[in-house]
Amino acid sequence: MLSVELICRARHALHGLVRRTPLIHSATLSERLGADVYLKLENLQKTGSFKPRGAFFKMLSLSAKQKAAGVVAVSGGNHAQGVAYAARHLGVRATICMPQSTPQNYLAATRGYGADIVLCEDIAAAFAEAARREREGATLVHPFDDPWIAAGQGTIGLEILDDLPDVTRVYASIGGGGLIAGMATAIKSIAPRVRVFGVQTHGADAMAQSVAAGQLVELPQITSIARTLGAPKVSPFTLQAVQRLVDDVLVVDDAATFAALEFLLERTKQLVEPAAACCLAAAERHHGTWRADEKVVLLMCGGNVALADLVRYRAQFGER
């Protein structure tokens with residue numbers, strides 16, 4: 001069961017395995033948004049995203065027999081790299097089932113971290129292949145539907161509270177919901193006054209639609225540029241955590257997300273992926289609704305974006 005106690009265990013277990021990423025104040029963003037704005041830089045994490053936190057903690061929970069049998073994961077993005085990196089470090093064989101549409105930069109990075117890759121027709125076929133391997137003895141490292149994964153990700157929330165005890169708002173993106181479940185559990189357990197906002201993009205908003213409907217909603221396809229938010233559906237575990245702990249789930253469009261990405265690169269010198277930039281786009285929607293003394297944290301969840309992607313986004317959305 002996910003709890004702040006489990007998240008504190010994760011923080012202890014992860015010491016020395018993952019980076020304690022910086023929380024930096026941005027004068028530029030503070031002036032732009034009319035509040036004290038900070039960036040939590042998980043784009044500087046090992047593998048370029050927050051994912052190793054959960055992957056390490058999950059694998060550290062396995063028995064020697066389970067580790068010897070190996071792990072399997074499904075991902076076309078950052079989870080693949082996080083699992084591959086953690087598995088190599090712990091001496092565990094990892095197999096990643098990936099859809100054929102996975103970009104070459106993600107494939108190359110995942111192979112580079114030592115994982116075996118099985119390319120499947122689509123994400124449904126990848127999950128089916130992972131299920132087959134799980135039946136044969138491998139342990140599934142799910143990208144979000146696992147309290148141990150969420151607890152590892154939740155250590156980010158503890159670090160934010162340590163570094164900025166008087167934080168008033170936190171914005172974090174949502175794919176399947178493991179990150180926000182862990183962070184919100186940590187933050188609300190220790191500082192319930194802090195408002196936690198989840199962020200998605202149109203076309204990758206399964207959680208927002210599920211919250212609105214009061215039940216799980218599955219997307220027929222992912223159409224957003226924020227492909228690392230592209231979970232077609234969330235889980236009862238993550239949906240319930242969001243319903244209970246998250247103040248609101250905001251949905252922004254791709255154009256606003258790319259504009260935020262460009263601004264972050266040009267003015268703060270942080271290269272982040274659309275799944276991170278959307279948090280700035282969402283915070284800008286709240287501009288003018290908060291007090292000047294608010295302290296706002298935007299989670300930069302990852303920085304895995306290829307130059308070719310940036311060129312394509314610029315052609316699609318134009319200059320700011």
# chains A, B, ... in the order shown; residues from 1 in each chain; ligands from 1
call {"tool": "closest_atom_pairs", "arguments": {"of": "stretch 116-157 of chain A", "to": "stretch 55-78 of chain A", "cutoff": "6 Å", "atoms": "only C-alpha atoms", "output": "CSV"}}
result
residue,atom,partner,partner_atom,distance
A:Ala138,CA,A:Val71,CA,5.0
A:Thr139,CA,A:Val71,CA,4.6
A:Leu140,CA,A:Val72,CA,5.0
A:Val141,CA,A:Ala73,CA,5.2
A:Trp148,CA,A:Lys58,CA,5.3
A:Ile149,CA,A:Lys58,CA,5.8
A:Gly152,CA,A:Phe57,CA,5.6
call {"tool": "residues_around", "arguments": {"residues": "A:Val196", "least_positions_apart": "5", "cutoff": "6 Å", "atoms": "only C-alpha atoms", "output": "list in words"}}
result
Arg169, Val170, Val246 and Asp247 of chain A
call {"tool": "write_last_selection", "arguments": {"atoms": "C-alpha atoms", "output": "PDB file, in the first residue's frame"}}
result
ATOM      1  CA  ARG A 169       1.778  24.996  -5.198  1.00  0.00           C
ATOM      2  CA  VAL A 170       3.282  22.080  -7.123  1.00  0.00           C
ATOM      3  CA  VAL A 246      -4.774  16.113  -6.287  1.00  0.00           C
ATOM      4  CA  ASP A 247      -6.461  19.516  -6.233  1.00  0.00           C
TER       5      ASP A 247
END
call {"tool": "residues_around", "arguments": {"residues": "A:Gly112", "least_positions_apart": "6", "cutoff": "9 Å", "atoms": "only C-alpha atoms", "output": "compact mmCIF listing (two decimals) with N, CA and C atoms, in the first residue's frame"}}
result
# COMPACT_ATOMS: atom_id res chain seq x y z
N GLN A 81 14.06 3.29 -20.40
CA GLN A 81 15.43 3.64 -20.03
C GLN A 81 15.65 3.52 -18.53
N ALA A 84 15.95 -0.20 -17.72
CA ALA A 84 17.21 -0.72 -18.26
C ALA A 84 18.40 -0.27 -17.42
N TYR A 85 18.41 1.01 -17.06
CA TYR A 85 19.52 1.56 -16.27
C TYR A 85 19.59 0.91 -14.89
call {"tool": "residues_around", "arguments": {"residues": "A:Asp166", "least_positions_apart": "4", "cutoff": "12 Å", "atoms": "only C-alpha atoms", "output": "ChimeraX atom specification"}}
result
/A:36,160-162,170,187,190-195,293-297
call {"tool": "closest_residue", "arguments": {"among": "A:Ala283, A:Leu264, A:Leu44, A:Ala186", "to": "A:Arg19", "atoms": "only C-alpha atoms"}}
result
A:Leu44
call {"tool": "closest_residue", "arguments": {"among": "A:Ala124, A:Gly34, A:Arg314, A:Leu298", "to": "A:Cys279", "atoms": "only C-alpha atoms"}}
result
A:Leu298
call {"tool": "select_by_dssp", "arguments": {"residues": "stretch 27-267 of chain A", "states": "alpha helix (DSSP H)", "output": "count of residues only"}}
result
116
call {"tool": "decode", "arguments": {"residues": "stretch 210-223 of chain A", "atoms": "N, CA and C atoms", "output": "short mmCIF file (atom, residue, chain, number, x, y, z; two decimals), in the first residue's frame"}}
result
data_model
loop_
_atom_site.label_atom_id
_atom_site.label_comp_id
_atom_site.auth_asym_id
_atom_site.auth_seq_id
_atom_site.Cartn_x
_atom_site.Cartn_y
_atom_site.Cartn_z
N SER A 210 -10.82 10.52 -17.11
CA SER A 210 -11.29 9.56 -16.10
C SER A 210 -11.80 10.27 -14.86
N VAL A 211 -11.10 11.32 -14.44
CA VAL A 211 -11.55 12.11 -13.28
C VAL A 211 -12.90 12.75 -13.58
N ALA A 212 -13.04 13.32 -14.77
CA ALA A 212 -14.30 13.97 -15.14
C ALA A 212 -15.45 12.97 -15.20
N ALA A 213 -15.17 11.76 -15.68
CA ALA A 213 -16.22 10.75 -15.82
C ALA A 213 -16.48 9.99 -14.52
N GLY A 214 -15.55 10.08 -13.59
CA GLY A 214 -15.70 9.32 -12.35
C GLY A 214 -15.44 7.84 -12.52
N GLN A 215 -14.82 7.47 -13.63
CA GLN A 215 -14.48 6.07 -13.90
C GLN A 215 -13.37 6.03 -14.94
N LEU A 216 -12.78 4.86 -15.12
CA LEU A 216 -11.68 4.73 -16.07
C LEU A 216 -12.15 4.97 -17.50
N VAL A 217 -11.42 5.82 -18.21
CA VAL A 217 -11.69 6.10 -19.62
C VAL A 217 -10.44 5.73 -20.41
N GLU A 218 -10.61 4.97 -21.47
CA GLU A 218 -9.48 4.59 -22.32
C GLU A 218 -9.48 5.40 -23.60
N LEU A 219 -8.33 5.97 -23.94
CA LEU A 219 -8.21 6.75 -25.17
C LEU A 219 -8.01 5.82 -26.36
N PRO A 220 -8.68 6.10 -27.47
CA PRO A 220 -8.50 5.24 -28.65
C PRO A 220 -7.11 5.36 -29.25
N GLN A 221 -6.50 6.54 -29.11
CA GLN A 221 -5.14 6.74 -29.60
C GLN A 221 -4.54 7.97 -28.91
N ILE A 222 -3.22 8.06 -28.95
CA ILE A 222 -2.51 9.20 -28.39
C ILE A 222 -2.14 10.12 -29.54
N THR A 223 -2.57 11.38 -29.46
CA THR A 223 -2.33 12.31 -30.56
C THR A 223 -1.46 13.50 -30.16
#
